[in-house]
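This report refers to the structure that appears directly beneath it.
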Amino acid sequence: MKKSIFALAIFALATGAVHAQSAQYKIDPNHTRAIFEAKHFGTSTNRGQWEKSEGEITLDKTAKTGKVDITLDMNSISTGVAAFNNHLKSADFFDVTNHPTAKFVGDKFKFDGDKLVEVTGDLTLRGKTNPITIRTVNFGCYTHPTLKREICGGDFETVLTRSAFDVNWGLANRATSDDIKVILQVEAIKQ
């Protein structure tokens, strides 16, 4: 009987230790951006970014699992050209009046050893939800010298087919490509 209680106690401690590896991180809006690149009539590349975001990440490095929940403020789009910003905010593109945010929720983490390779989940943009996979370009964690807390972050990429989200303006005359490259710079602070 004592042996089985002892074994149960060890199991409970071991299970608790595994669960203790899961940590919550809050997105640092000062170090998080979503940048897009789109071909313009098949020649130059238009670029812009969404400057405001919020969200949380749960990461268990031991179990190699997690969840990402990030919301972009679609009104914060910035290309450096006010007229272009306004056109992108209009019903021709993101229809910001009716769809002020875009949201990515990913819970399928893929690792190669200890290296995070990709996160798969659902992107809701302009009222449409589609699965996407975001690939890791660079990922790491460090202890912030001032905050004395762990920061995890990196650079990530994906390619979106904008027509899948009913963003169709300019497709017929190739004014803007259907495939849009999105580059994500993300840093999050352990809570």
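Residues in the structure tokens are numbered from 1 in each chain, the chains being A, B, ... in the order shown, and ligands are numbered from 1 in the order shown.
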
Can you list every residue of region 55-103 of chain A that has an atom at most 12 Å from region 159-165 of chain A, with its nearest atom pair and the distance in Å to one decimal, using only C-alpha atoms, ordered by chain then number, as JSON lines?
```
{"residue": "A:Asp92", "atom": "CA", "partner": "A:Ser163", "partner_atom": "CA", "distance": 11.8}
{"residue": "A:Phe93", "atom": "CA", "partner": "A:Arg162", "partner_atom": "CA", "distance": 9.2}
{"residue": "A:Phe94", "atom": "CA", "partner": "A:Phe165", "partner_atom": "CA", "distance": 9.3}
{"residue": "A:Asp95", "atom": "CA", "partner": "A:Phe165", "partner_atom": "CA", "distance": 11.4}
{"residue": "A:His99", "atom": "CA", "partner": "A:Phe165", "partner_atom": "CA", "distance": 11.7}
{"residue": "A:Ala102", "atom": "CA", "partner": "A:Phe165", "partner_atom": "CA", "distance": 10.9}
```

Shell of 9 Å around region 46-55 of chain A, only C-alpha atoms, local chain residues under 3 positions omitted, as a PyMOL selection string
chain A and resi 25-30+32-40+68-80+85+176+188

Pick out the closest residue to Thr120 (chain A) from this set: A:Arg149, A:Lys103, A:Lys67, A:Lys61. Count only C-alpha atoms.
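Ranked by minimum distance to Thr120 (chain A), first place goes to A:Lys67.
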
Have a look at CA of Ala83 (chain A) and CA of Pro100 (chain A) and let me know their distance in Å, one decimal.
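CA of Pro100 (chain A) lies 18.4 Å from CA of Ala83 (chain A).
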
From a backbone DSSP assignment, name each residue in region 18-117 of chain A labelled strand (DSSP E or B), as a CSV table (one decimal) with all heavy atoms, in the first residue's frame.
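Done, and the output landed in states-v4.csv:
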```
chain,number,residue,atom,x,y,z
A,22,SER,N,4.3,24.6,-19.5
A,22,SER,CA,3.5,25.4,-20.3
A,22,SER,C,3.5,26.9,-19.7
A,22,SER,O,3.3,27.1,-18.5
A,22,SER,CB,2.0,24.9,-20.3
A,22,SER,OG,1.2,25.7,-21.1
A,23,ALA,N,3.7,27.8,-20.6
A,23,ALA,CA,3.8,29.2,-20.1
A,23,ALA,C,2.9,30.1,-21.0
A,23,ALA,O,2.7,29.8,-22.2
A,23,ALA,CB,5.2,29.7,-20.1
A,24,GLN,N,2.4,31.2,-20.4
A,24,GLN,CA,1.7,32.2,-21.2
A,24,GLN,C,2.6,33.4,-21.5
A,24,GLN,O,3.4,33.8,-20.7
A,24,GLN,CB,0.5,32.7,-20.3
A,24,GLN,CG,-0.6,31.7,-20.0
A,24,GLN,CD,-1.4,31.5,-21.3
A,24,GLN,OE1,-1.5,30.3,-21.7
A,24,GLN,NE2,-2.0,32.5,-21.9
A,25,TYR,N,2.4,33.9,-22.7
A,25,TYR,CA,3.2,35.0,-23.2
A,25,TYR,C,2.2,36.0,-23.8
A,25,TYR,O,1.3,35.7,-24.5
A,25,TYR,CB,4.2,34.6,-24.3
A,25,TYR,CG,5.2,33.6,-23.9
A,25,TYR,CD1,4.9,32.3,-23.8
A,25,TYR,CD2,6.5,34.0,-23.5
A,25,TYR,CE1,5.8,31.4,-23.3
A,25,TYR,CE2,7.4,33.1,-23.1
A,25,TYR,CZ,7.1,31.8,-23.0
A,25,TYR,OH,8.1,30.9,-22.6
A,26,LYS,N,2.4,37.3,-23.5
A,26,LYS,CA,1.6,38.4,-24.1
A,26,LYS,C,2.3,39.0,-25.2
A,26,LYS,O,3.5,39.4,-25.1
A,26,LYS,CB,1.2,39.4,-23.0
A,26,LYS,CG,0.2,40.4,-23.5
A,26,LYS,CD,-0.2,41.3,-22.4
A,26,LYS,CE,-1.2,42.4,-22.9
A,26,LYS,NZ,-1.7,43.3,-21.9
A,27,ILE,N,1.7,39.2,-26.3
A,27,ILE,CA,2.3,39.9,-27.5
A,27,ILE,C,2.8,41.3,-27.1
A,27,ILE,O,2.1,42.1,-26.5
A,27,ILE,CB,1.3,40.0,-28.6
A,27,ILE,CG1,0.8,38.6,-29.1
A,27,ILE,CG2,1.8,40.9,-29.8
A,27,ILE,CD1,1.9,37.8,-29.7
A,33,ARG,N,4.7,43.0,-35.8
A,33,ARG,CA,4.2,43.6,-37.0
A,33,ARG,C,3.8,42.5,-38.0
A,33,ARG,O,4.4,41.4,-38.0
A,33,ARG,CB,5.3,44.5,-37.8
A,33,ARG,CG,5.8,45.6,-37.0
A,33,ARG,CD,4.9,46.8,-37.1
A,33,ARG,NE,5.4,48.0,-36.4
A,33,ARG,CZ,5.3,48.2,-35.1
A,33,ARG,NH1,4.7,47.3,-34.4
A,33,ARG,NH2,5.8,49.3,-34.5
A,34,ALA,N,2.8,42.8,-38.8
A,34,ALA,CA,2.5,42.0,-40.0
A,34,ALA,C,2.7,42.8,-41.2
A,34,ALA,O,2.1,43.8,-41.4
A,34,ALA,CB,1.0,41.5,-39.9
A,35,ILE,N,3.6,42.4,-42.0
A,35,ILE,CA,4.0,43.1,-43.2
A,35,ILE,C,3.6,42.3,-44.5
A,35,ILE,O,3.7,41.1,-44.5
A,35,ILE,CB,5.6,43.2,-43.3
A,35,ILE,CG1,6.0,44.0,-42.0
A,35,ILE,CG2,6.0,43.9,-44.5
A,35,ILE,CD1,7.5,43.7,-41.6
A,36,PHE,N,3.0,43.0,-45.4
A,36,PHE,CA,2.6,42.3,-46.7
A,36,PHE,C,3.4,42.8,-47.9
A,36,PHE,O,3.9,43.9,-47.9
A,36,PHE,CB,1.1,42.5,-46.9
A,36,PHE,CG,0.7,43.9,-47.3
A,36,PHE,CD1,0.7,44.3,-48.7
A,36,PHE,CD2,0.3,44.8,-46.4
A,36,PHE,CE1,0.4,45.5,-49.1
A,36,PHE,CE2,-0.1,46.1,-46.8
A,36,PHE,CZ,0.0,46.5,-48.1
A,37,GLU,N,3.5,41.9,-48.8
A,37,GLU,CA,4.1,42.2,-50.1
A,37,GLU,C,3.2,41.7,-51.2
A,37,GLU,O,2.8,40.5,-51.2
A,37,GLU,CB,5.4,41.5,-50.2
A,37,GLU,CG,6.5,42.0,-49.2
A,37,GLU,CD,7.8,41.3,-49.4
A,37,GLU,OE1,7.9,40.3,-50.1
A,37,GLU,OE2,8.8,41.8,-48.8
A,38,ALA,N,2.8,42.5,-52.2
A,38,ALA,CA,1.9,42.2,-53.3
A,38,ALA,C,2.5,42.8,-54.6
A,38,ALA,O,2.8,43.9,-54.6
A,38,ALA,CB,0.5,42.7,-53.0
A,39,LYS,N,2.5,41.9,-55.6
A,39,LYS,CA,3.0,42.4,-56.9
A,39,LYS,C,2.0,43.4,-57.5
A,39,LYS,O,0.7,43.2,-57.4
A,39,LYS,CB,3.2,41.2,-57.9
A,39,LYS,CG,4.3,40.4,-57.6
A,39,LYS,CD,5.6,41.1,-57.8
A,39,LYS,CE,6.8,40.2,-57.6
A,39,LYS,NZ,8.1,40.9,-57.5
A,40,HIS,N,2.5,44.4,-58.1
A,40,HIS,CA,1.6,45.5,-58.7
A,40,HIS,C,1.8,45.3,-60.3
A,40,HIS,O,2.9,45.6,-60.8
A,40,HIS,CB,2.1,46.8,-58.3
A,40,HIS,CG,1.2,48.0,-58.7
A,40,HIS,ND1,1.7,49.0,-59.5
A,40,HIS,CD2,-0.1,48.2,-58.5
A,40,HIS,CE1,0.7,49.8,-59.8
A,40,HIS,NE2,-0.4,49.4,-59.2
A,45,THR,N,6.8,45.6,-56.3
A,45,THR,CA,6.1,45.0,-55.2
A,45,THR,C,5.6,46.1,-54.2
A,45,THR,O,6.4,46.9,-53.7
A,45,THR,CB,7.1,44.1,-54.4
A,45,THR,OG1,7.6,43.1,-55.3
A,45,THR,CG2,6.4,43.4,-53.2
A,46,ASN,N,4.3,46.1,-54.0
A,46,ASN,CA,3.7,47.0,-53.0
A,46,ASN,C,3.9,46.4,-51.6
A,46,ASN,O,3.8,45.2,-51.5
A,46,ASN,CB,2.2,47.2,-53.3
A,46,ASN,CG,1.9,48.1,-54.4
A,46,ASN,OD1,2.7,49.0,-54.7
A,46,ASN,ND2,0.8,47.8,-55.1
A,47,ARG,N,4.3,47.3,-50.7
A,47,ARG,CA,4.5,46.8,-49.3
A,47,ARG,C,3.8,47.7,-48.3
A,47,ARG,O,3.6,48.9,-48.6
A,47,ARG,CB,6.0,46.8,-49.0
A,47,ARG,CG,6.8,45.7,-49.7
A,47,ARG,CD,8.3,45.8,-49.3
A,47,ARG,NE,9.0,44.7,-50.0
A,47,ARG,CZ,9.5,44.8,-51.3
A,47,ARG,NH1,9.4,46.0,-51.9
A,47,ARG,NH2,10.2,43.8,-51.8
A,48,GLY,N,3.4,47.1,-47.2
A,48,GLY,CA,2.7,47.8,-46.1
A,48,GLY,C,2.7,46.9,-44.9
A,48,GLY,O,3.2,45.8,-44.9
A,49,GLN,N,2.2,47.5,-43.8
A,49,GLN,CA,2.2,46.7,-42.6
A,49,GLN,C,1.0,47.2,-41.8
A,49,GLN,O,0.5,48.3,-41.9
A,49,GLN,CB,3.5,46.9,-41.8
A,49,GLN,CG,3.7,48.3,-41.3
A,49,GLN,CD,5.0,48.5,-40.5
A,49,GLN,OE1,5.6,47.5,-40.2
A,49,GLN,NE2,5.4,49.7,-40.2
A,50,TRP,N,0.6,46.3,-40.9
A,50,TRP,CA,-0.4,46.6,-39.8
A,50,TRP,C,0.4,46.9,-38.6
A,50,TRP,O,1.2,46.1,-38.1
A,50,TRP,CB,-1.4,45.5,-39.6
A,50,TRP,CG,-2.3,45.3,-40.8
A,50,TRP,CD1,-3.5,46.0,-41.0
A,50,TRP,CD2,-2.1,44.5,-41.9
A,50,TRP,NE1,-4.0,45.7,-42.2
A,50,TRP,CE2,-3.3,44.7,-42.8
A,50,TRP,CE3,-1.2,43.6,-42.3
A,50,TRP,CZ2,-3.4,44.1,-44.0
A,50,TRP,CZ3,-1.4,42.9,-43.5
A,50,TRP,CH2,-2.5,43.2,-44.3
A,53,SER,N,-1.4,45.4,-33.0
A,53,SER,CA,-1.8,44.0,-32.8
A,53,SER,C,-1.9,43.7,-31.3
A,53,SER,O,-1.3,44.5,-30.5
A,53,SER,CB,-0.8,43.1,-33.4
A,53,SER,OG,0.5,43.2,-32.9
A,54,GLU,N,-2.6,42.7,-30.9
A,54,GLU,CA,-2.6,42.2,-29.5
A,54,GLU,C,-2.8,40.7,-29.6
A,54,GLU,O,-3.3,40.2,-30.6
A,54,GLU,CB,-3.7,42.9,-28.7
A,54,GLU,CG,-5.1,42.7,-29.3
A,54,GLU,CD,-6.2,43.4,-28.5
A,54,GLU,OE1,-5.8,44.4,-27.8
A,54,GLU,OE2,-7.3,43.0,-28.5
A,55,GLY,N,-2.5,40.1,-28.5
A,55,GLY,CA,-2.8,38.6,-28.4
A,55,GLY,C,-1.9,37.9,-27.4
A,55,GLY,O,-1.1,38.6,-26.6
A,56,GLU,N,-2.1,36.6,-27.3
A,56,GLU,CA,-1.4,35.8,-26.4
A,56,GLU,C,-0.9,34.5,-27.1
A,56,GLU,O,-1.5,34.1,-28.0
A,56,GLU,CB,-2.3,35.4,-25.2
A,56,GLU,CG,-2.7,36.6,-24.3
A,56,GLU,CD,-3.5,36.2,-23.2
A,56,GLU,OE1,-4.0,35.0,-23.1
A,56,GLU,OE2,-3.8,37.0,-22.3
A,57,ILE,N,0.1,34.0,-26.5
A,57,ILE,CA,0.7,32.7,-26.9
A,57,ILE,C,0.9,31.8,-25.7
A,57,ILE,O,1.3,32.3,-24.7
A,57,ILE,CB,2.0,32.9,-27.6
A,57,ILE,CG1,1.9,33.8,-28.9
A,57,ILE,CG2,2.7,31.6,-28.0
A,57,ILE,CD1,3.2,34.3,-29.5
A,58,THR,N,0.4,30.6,-25.9
A,58,THR,CA,0.7,29.6,-24.9
A,58,THR,C,1.8,28.6,-25.5
A,58,THR,O,1.6,28.2,-26.6
A,58,THR,CB,-0.5,28.8,-24.5
A,58,THR,OG1,-1.5,29.7,-24.0
A,58,THR,CG2,-0.2,27.7,-23.4
A,59,LEU,N,2.8,28.4,-24.8
A,59,LEU,CA,3.9,27.6,-25.3
A,59,LEU,C,4.4,26.6,-24.3
A,59,LEU,O,4.7,26.9,-23.2
A,59,LEU,CB,5.1,28.4,-25.8
A,59,LEU,CG,6.3,27.7,-26.4
A,59,LEU,CD1,5.9,27.0,-27.7
A,59,LEU,CD2,7.3,28.8,-26.7
A,60,ASP,N,4.4,25.3,-24.6
A,60,ASP,CA,5.0,24.2,-23.8
A,60,ASP,C,6.1,23.6,-24.6
A,60,ASP,O,5.9,22.9,-25.5
A,60,ASP,CB,3.9,23.2,-23.5
A,60,ASP,CG,4.4,22.2,-22.5
A,60,ASP,OD1,5.6,21.9,-22.5
A,60,ASP,OD2,3.6,21.7,-21.7
A,65,THR,N,3.9,21.8,-27.7
A,65,THR,CA,2.5,22.2,-28.1
A,65,THR,C,2.4,23.7,-27.8
A,65,THR,O,3.2,24.3,-27.1
A,65,THR,CB,1.5,21.4,-27.2
A,65,THR,OG1,1.7,21.7,-25.9
A,65,THR,CG2,1.6,19.9,-27.5
A,66,GLY,N,1.3,24.2,-28.2
A,66,GLY,CA,1.0,25.6,-27.9
A,66,GLY,C,-0.3,26.1,-28.6
A,66,GLY,O,-1.0,25.4,-29.3
A,67,LYS,N,-0.5,27.4,-28.4
A,67,LYS,CA,-1.6,28.1,-29.0
A,67,LYS,C,-1.3,29.5,-29.2
A,67,LYS,O,-0.7,30.1,-28.4
A,67,LYS,CB,-2.9,28.0,-28.2
A,67,LYS,CG,-4.1,28.6,-28.8
A,67,LYS,CD,-5.4,28.4,-28.0
A,67,LYS,CE,-6.5,29.1,-28.8
A,67,LYS,NZ,-7.8,29.0,-28.0
A,68,VAL,N,-1.6,30.0,-30.4
A,68,VAL,CA,-1.4,31.4,-30.8
A,68,VAL,C,-2.7,32.1,-31.0
A,68,VAL,O,-3.6,31.5,-31.7
A,68,VAL,CB,-0.5,31.6,-32.1
A,68,VAL,CG1,-0.4,33.0,-32.5
A,68,VAL,CG2,0.8,30.9,-31.9
A,69,ASP,N,-3.0,33.2,-30.4
A,69,ASP,CA,-4.2,34.0,-30.6
A,69,ASP,C,-3.8,35.4,-30.8
A,69,ASP,O,-3.5,36.1,-29.8
A,69,ASP,CB,-5.1,33.8,-29.4
A,69,ASP,CG,-6.5,34.3,-29.6
A,69,ASP,OD1,-6.7,35.3,-30.4
A,69,ASP,OD2,-7.4,33.8,-29.0
A,70,ILE,N,-3.8,35.9,-32.1
A,70,ILE,CA,-3.3,37.2,-32.4
A,70,ILE,C,-4.4,38.0,-33.2
A,70,ILE,O,-5.0,37.4,-34.1
A,70,ILE,CB,-2.0,37.2,-33.2
A,70,ILE,CG1,-0.9,36.6,-32.3
A,70,ILE,CG2,-1.7,38.6,-33.6
A,70,ILE,CD1,0.4,36.6,-33.1
A,71,THR,N,-4.7,39.2,-32.8
A,71,THR,CA,-5.6,40.0,-33.5
A,71,THR,C,-4.9,41.3,-34.1
A,71,THR,O,-4.2,41.9,-33.3
A,71,THR,CB,-6.8,40.5,-32.5
A,71,THR,OG1,-7.4,39.3,-32.0
A,71,THR,CG2,-7.8,41.4,-33.3
A,72,LEU,N,-5.2,41.5,-35.3
A,72,LEU,CA,-4.6,42.7,-36.0
A,72,LEU,C,-5.7,43.8,-36.1
A,72,LEU,O,-6.8,43.5,-36.5
A,72,LEU,CB,-4.1,42.4,-37.4
A,72,LEU,CG,-2.9,41.4,-37.6
A,72,LEU,CD1,-2.7,41.2,-39.1
A,72,LEU,CD2,-1.7,42.0,-36.9
A,73,ASP,N,-5.3,45.0,-35.8
A,73,ASP,CA,-6.2,46.2,-36.0
A,73,ASP,C,-6.0,46.6,-37.5
A,73,ASP,O,-5.0,47.1,-37.9
A,73,ASP,CB,-5.7,47.3,-35.1
A,73,ASP,CG,-6.5,48.6,-35.3
A,73,ASP,OD1,-7.3,48.7,-36.3
A,73,ASP,OD2,-6.4,49.5,-34.5
A,77,ILE,N,-3.3,49.9,-40.9
A,77,ILE,CA,-2.5,49.6,-42.1
A,77,ILE,C,-1.8,50.8,-42.5
A,77,ILE,O,-2.3,51.9,-42.5
A,77,ILE,CB,-3.4,49.0,-43.2
A,77,ILE,CG1,-2.5,48.4,-44.3
A,77,ILE,CG2,-4.3,50.1,-43.8
A,77,ILE,CD1,-3.3,47.5,-45.3
A,78,SER,N,-0.5,50.6,-42.9
A,78,SER,CA,0.3,51.8,-43.3
A,78,SER,C,1.2,51.4,-44.4
A,78,SER,O,2.0,50.4,-44.3
A,78,SER,CB,1.2,52.2,-42.1
A,78,SER,OG,2.1,53.2,-42.5
A,101,THR,N,-11.1,44.1,-37.6
A,101,THR,CA,-9.9,43.2,-37.1
A,101,THR,C,-9.8,42.0,-38.0
A,101,THR,O,-10.7,41.6,-38.7
A,101,THR,CB,-10.1,42.8,-35.7
A,101,THR,OG1,-11.3,42.0,-35.6
A,101,THR,CG2,-10.2,44.0,-34.7
A,102,ALA,N,-8.6,41.4,-37.9
A,102,ALA,CA,-8.3,40.1,-38.5
A,102,ALA,C,-7.7,39.3,-37.3
A,102,ALA,O,-7.1,39.8,-36.5
A,102,ALA,CB,-7.3,40.2,-39.6
A,103,LYS,N,-8.0,38.0,-37.3
A,103,LYS,CA,-7.6,37.2,-36.2
A,103,LYS,C,-7.0,35.9,-36.7
A,103,LYS,O,-7.6,35.2,-37.5
A,103,LYS,CB,-8.8,36.9,-35.3
A,103,LYS,CG,-8.5,36.2,-34.0
A,103,LYS,CD,-9.8,36.1,-33.2
A,103,LYS,CE,-9.5,35.5,-31.8
A,103,LYS,NZ,-9.2,36.4,-30.8
A,104,PHE,N,-5.9,35.5,-36.1
A,104,PHE,CA,-5.3,34.2,-36.3
A,104,PHE,C,-5.3,33.4,-35.0
A,104,PHE,O,-4.8,33.9,-34.0
A,104,PHE,CB,-3.8,34.3,-36.8
A,104,PHE,CG,-3.2,33.0,-37.0
A,104,PHE,CD1,-3.5,32.1,-38.0
A,104,PHE,CD2,-2.1,32.6,-36.1
A,104,PHE,CE1,-2.9,30.9,-38.1
A,104,PHE,CE2,-1.5,31.4,-36.2
A,104,PHE,CZ,-1.9,30.5,-37.2
A,105,VAL,N,-5.8,32.2,-35.1
A,105,VAL,CA,-5.8,31.3,-33.9
A,105,VAL,C,-5.1,30.0,-34.4
A,105,VAL,O,-5.7,29.3,-35.3
A,105,VAL,CB,-7.2,31.0,-33.4
A,105,VAL,CG1,-7.1,30.0,-32.2
A,105,VAL,CG2,-7.9,32.3,-32.9
A,106,GLY,N,-4.0,29.7,-33.9
A,106,GLY,CA,-3.2,28.5,-34.3
A,106,GLY,C,-2.9,27.6,-33.1
A,106,GLY,O,-2.5,28.1,-32.1
A,107,ASP,N,-3.2,26.3,-33.3
A,107,ASP,CA,-2.9,25.4,-32.2
A,107,ASP,C,-2.2,24.1,-32.6
A,107,ASP,O,-2.1,23.2,-31.9
A,107,ASP,CB,-4.2,25.0,-31.5
A,107,ASP,CG,-5.3,24.3,-32.4
A,107,ASP,OD1,-5.0,24.1,-33.6
A,107,ASP,OD2,-6.3,24.0,-31.8
A,108,LYS,N,-1.8,24.1,-33.9
A,108,LYS,CA,-1.0,22.9,-34.4
A,108,LYS,C,0.4,23.4,-34.6
A,108,LYS,O,0.8,24.0,-35.6
A,108,LYS,CB,-1.6,22.4,-35.6
A,108,LYS,CG,-3.0,21.8,-35.4
A,108,LYS,CD,-3.7,21.5,-36.8
A,108,LYS,CE,-5.1,21.1,-36.6
A,108,LYS,NZ,-6.0,22.3,-36.2
A,109,PHE,N,1.3,23.1,-33.6
A,109,PHE,CA,2.7,23.4,-33.6
A,109,PHE,C,3.5,22.3,-34.1
A,109,PHE,O,3.3,21.1,-33.7
A,109,PHE,CB,3.2,23.8,-32.2
A,109,PHE,CG,2.8,25.2,-31.8
A,109,PHE,CD1,1.5,25.7,-31.9
A,109,PHE,CD2,3.8,26.0,-31.2
A,109,PHE,CE1,1.2,26.9,-31.4
A,109,PHE,CE2,3.4,27.3,-30.8
A,109,PHE,CZ,2.1,27.7,-30.9
A,110,LYS,N,4.4,22.5,-35.1
A,110,LYS,CA,5.3,21.5,-35.6
A,110,LYS,C,6.7,21.8,-35.2
A,110,LYS,O,7.2,23.0,-35.5
A,110,LYS,CB,5.1,21.3,-37.1
A,110,LYS,CG,6.0,20.3,-37.7
A,110,LYS,CD,5.8,20.1,-39.2
A,110,LYS,CE,6.7,19.1,-39.8
A,110,LYS,NZ,6.5,19.1,-41.3
A,111,PHE,N,7.4,20.9,-34.6
A,111,PHE,CA,8.8,21.1,-34.2
A,111,PHE,C,9.7,20.1,-35.0
A,111,PHE,O,9.3,19.0,-35.3
A,111,PHE,CB,9.0,20.8,-32.7
A,111,PHE,CG,8.5,21.9,-31.8
A,111,PHE,CD1,7.1,22.1,-31.5
A,111,PHE,CD2,9.4,22.8,-31.3
A,111,PHE,CE1,6.7,23.1,-30.7
A,111,PHE,CE2,9.0,23.9,-30.4
A,111,PHE,CZ,7.6,24.0,-30.2
A,112,ASP,N,10.9,20.5,-35.2
A,112,ASP,CA,12.0,19.6,-35.6
A,112,ASP,C,13.0,19.6,-34.5
A,112,ASP,O,13.8,20.6,-34.4
A,112,ASP,CB,12.6,20.1,-36.9
A,112,ASP,CG,13.7,19.2,-37.5
A,112,ASP,OD1,13.9,18.1,-36.9
A,112,ASP,OD2,14.4,19.6,-38.4
A,115,LYS,N,13.4,22.9,-32.4
A,115,LYS,CA,13.2,24.0,-33.3
A,115,LYS,C,11.7,24.1,-33.8
A,115,LYS,O,11.2,23.1,-34.4
A,115,LYS,CB,14.1,24.0,-34.5
A,115,LYS,CG,14.0,25.2,-35.4
A,115,LYS,CD,14.9,25.0,-36.6
A,115,LYS,CE,14.7,26.1,-37.6
A,115,LYS,NZ,15.3,25.9,-38.9
A,116,LEU,N,11.1,25.2,-33.5
A,116,LEU,CA,9.7,25.4,-34.0
A,116,LEU,C,9.8,25.6,-35.5
A,116,LEU,O,10.5,26.5,-36.0
A,116,LEU,CB,9.1,26.6,-33.3
A,116,LEU,CG,7.7,27.0,-33.8
A,116,LEU,CD1,6.7,25.9,-33.5
A,116,LEU,CD2,7.2,28.3,-33.2
A,117,VAL,N,9.0,24.8,-36.3
A,117,VAL,CA,9.1,24.8,-37.7
A,117,VAL,C,7.9,25.6,-38.3
A,117,VAL,O,8.0,26.4,-39.3
A,117,VAL,CB,9.1,23.4,-38.3
A,117,VAL,CG1,9.1,23.4,-39.8
A,117,VAL,CG2,10.4,22.7,-37.8
```

Can you check which residues of chain A DSSP gives as helix (DSSP H, G or I) on the backbone and send them as number ranges by chain?
A: 2-19, 29-31, 74-76, 82-89, 162-165

Let's have the selection written as an mmCIF file, in the first residue's frame, with C-alpha atoms.
```cif
data_model
loop_
_atom_site.group_PDB
_atom_site.id
_atom_site.type_symbol
_atom_site.label_atom_id
_atom_site.label_comp_id
_atom_site.auth_asym_id
_atom_site.auth_seq_id
_atom_site.Cartn_x
_atom_site.Cartn_y
_atom_site.Cartn_z
ATOM 1 C CA LYS A 2 2.786 2.451 0.920
ATOM 2 C CA LYS A 3 4.553 1.574 -2.321
ATOM 3 C CA SER A 4 1.504 2.417 -4.443
ATOM 4 C CA ILE A 5 0.935 5.729 -2.610
ATOM 5 C CA PHE A 6 4.618 6.583 -3.144
ATOM 6 C CA ALA A 7 4.317 5.697 -6.859
ATOM 7 C CA LEU A 8 1.147 7.798 -7.139
ATOM 8 C CA ALA A 9 2.907 10.765 -5.477
ATOM 9 C CA ILE A 10 5.841 10.505 -7.924
ATOM 10 C CA PHE A 11 3.402 10.301 -10.851
ATOM 11 C CA ALA A 12 1.568 13.394 -9.579
ATOM 12 C CA LEU A 13 4.833 15.323 -9.220
ATOM 13 C CA ALA A 14 6.038 14.230 -12.656
ATOM 14 C CA THR A 15 2.728 15.162 -14.252
ATOM 15 C CA GLY A 16 2.784 18.529 -12.497
ATOM 16 C CA ALA A 17 6.345 19.145 -13.706
ATOM 17 C CA VAL A 18 5.330 18.466 -17.299
ATOM 18 C CA HIS A 19 2.359 20.814 -17.046
ATOM 19 C CA PRO A 29 2.964 45.403 -29.648
ATOM 20 C CA ASN A 30 6.220 47.372 -29.932
ATOM 21 C CA HIS A 31 7.984 44.367 -31.478
ATOM 22 C CA MET A 74 -6.968 46.442 -39.751
ATOM 23 C CA ASN A 75 -7.349 50.218 -39.441
ATOM 24 C CA SER A 76 -3.640 50.458 -38.548
ATOM 25 C CA ALA A 82 -2.296 58.006 -47.325
ATOM 26 C CA ALA A 83 -4.432 57.516 -50.465
ATOM 27 C CA PHE A 84 -3.269 53.885 -50.779
ATOM 28 C CA ASN A 85 -3.970 53.288 -47.065
ATOM 29 C CA ASN A 86 -7.509 54.598 -47.546
ATOM 30 C CA HIS A 87 -8.071 52.425 -50.622
ATOM 31 C CA LEU A 88 -6.898 49.322 -48.730
ATOM 32 C CA LYS A 89 -9.265 50.191 -45.858
ATOM 33 C CA ARG A 162 -6.619 36.939 -51.042
ATOM 34 C CA SER A 163 -9.556 35.778 -53.167
ATOM 35 C CA ALA A 164 -10.169 33.053 -50.539
ATOM 36 C CA PHE A 165 -11.096 35.937 -48.212
#
```
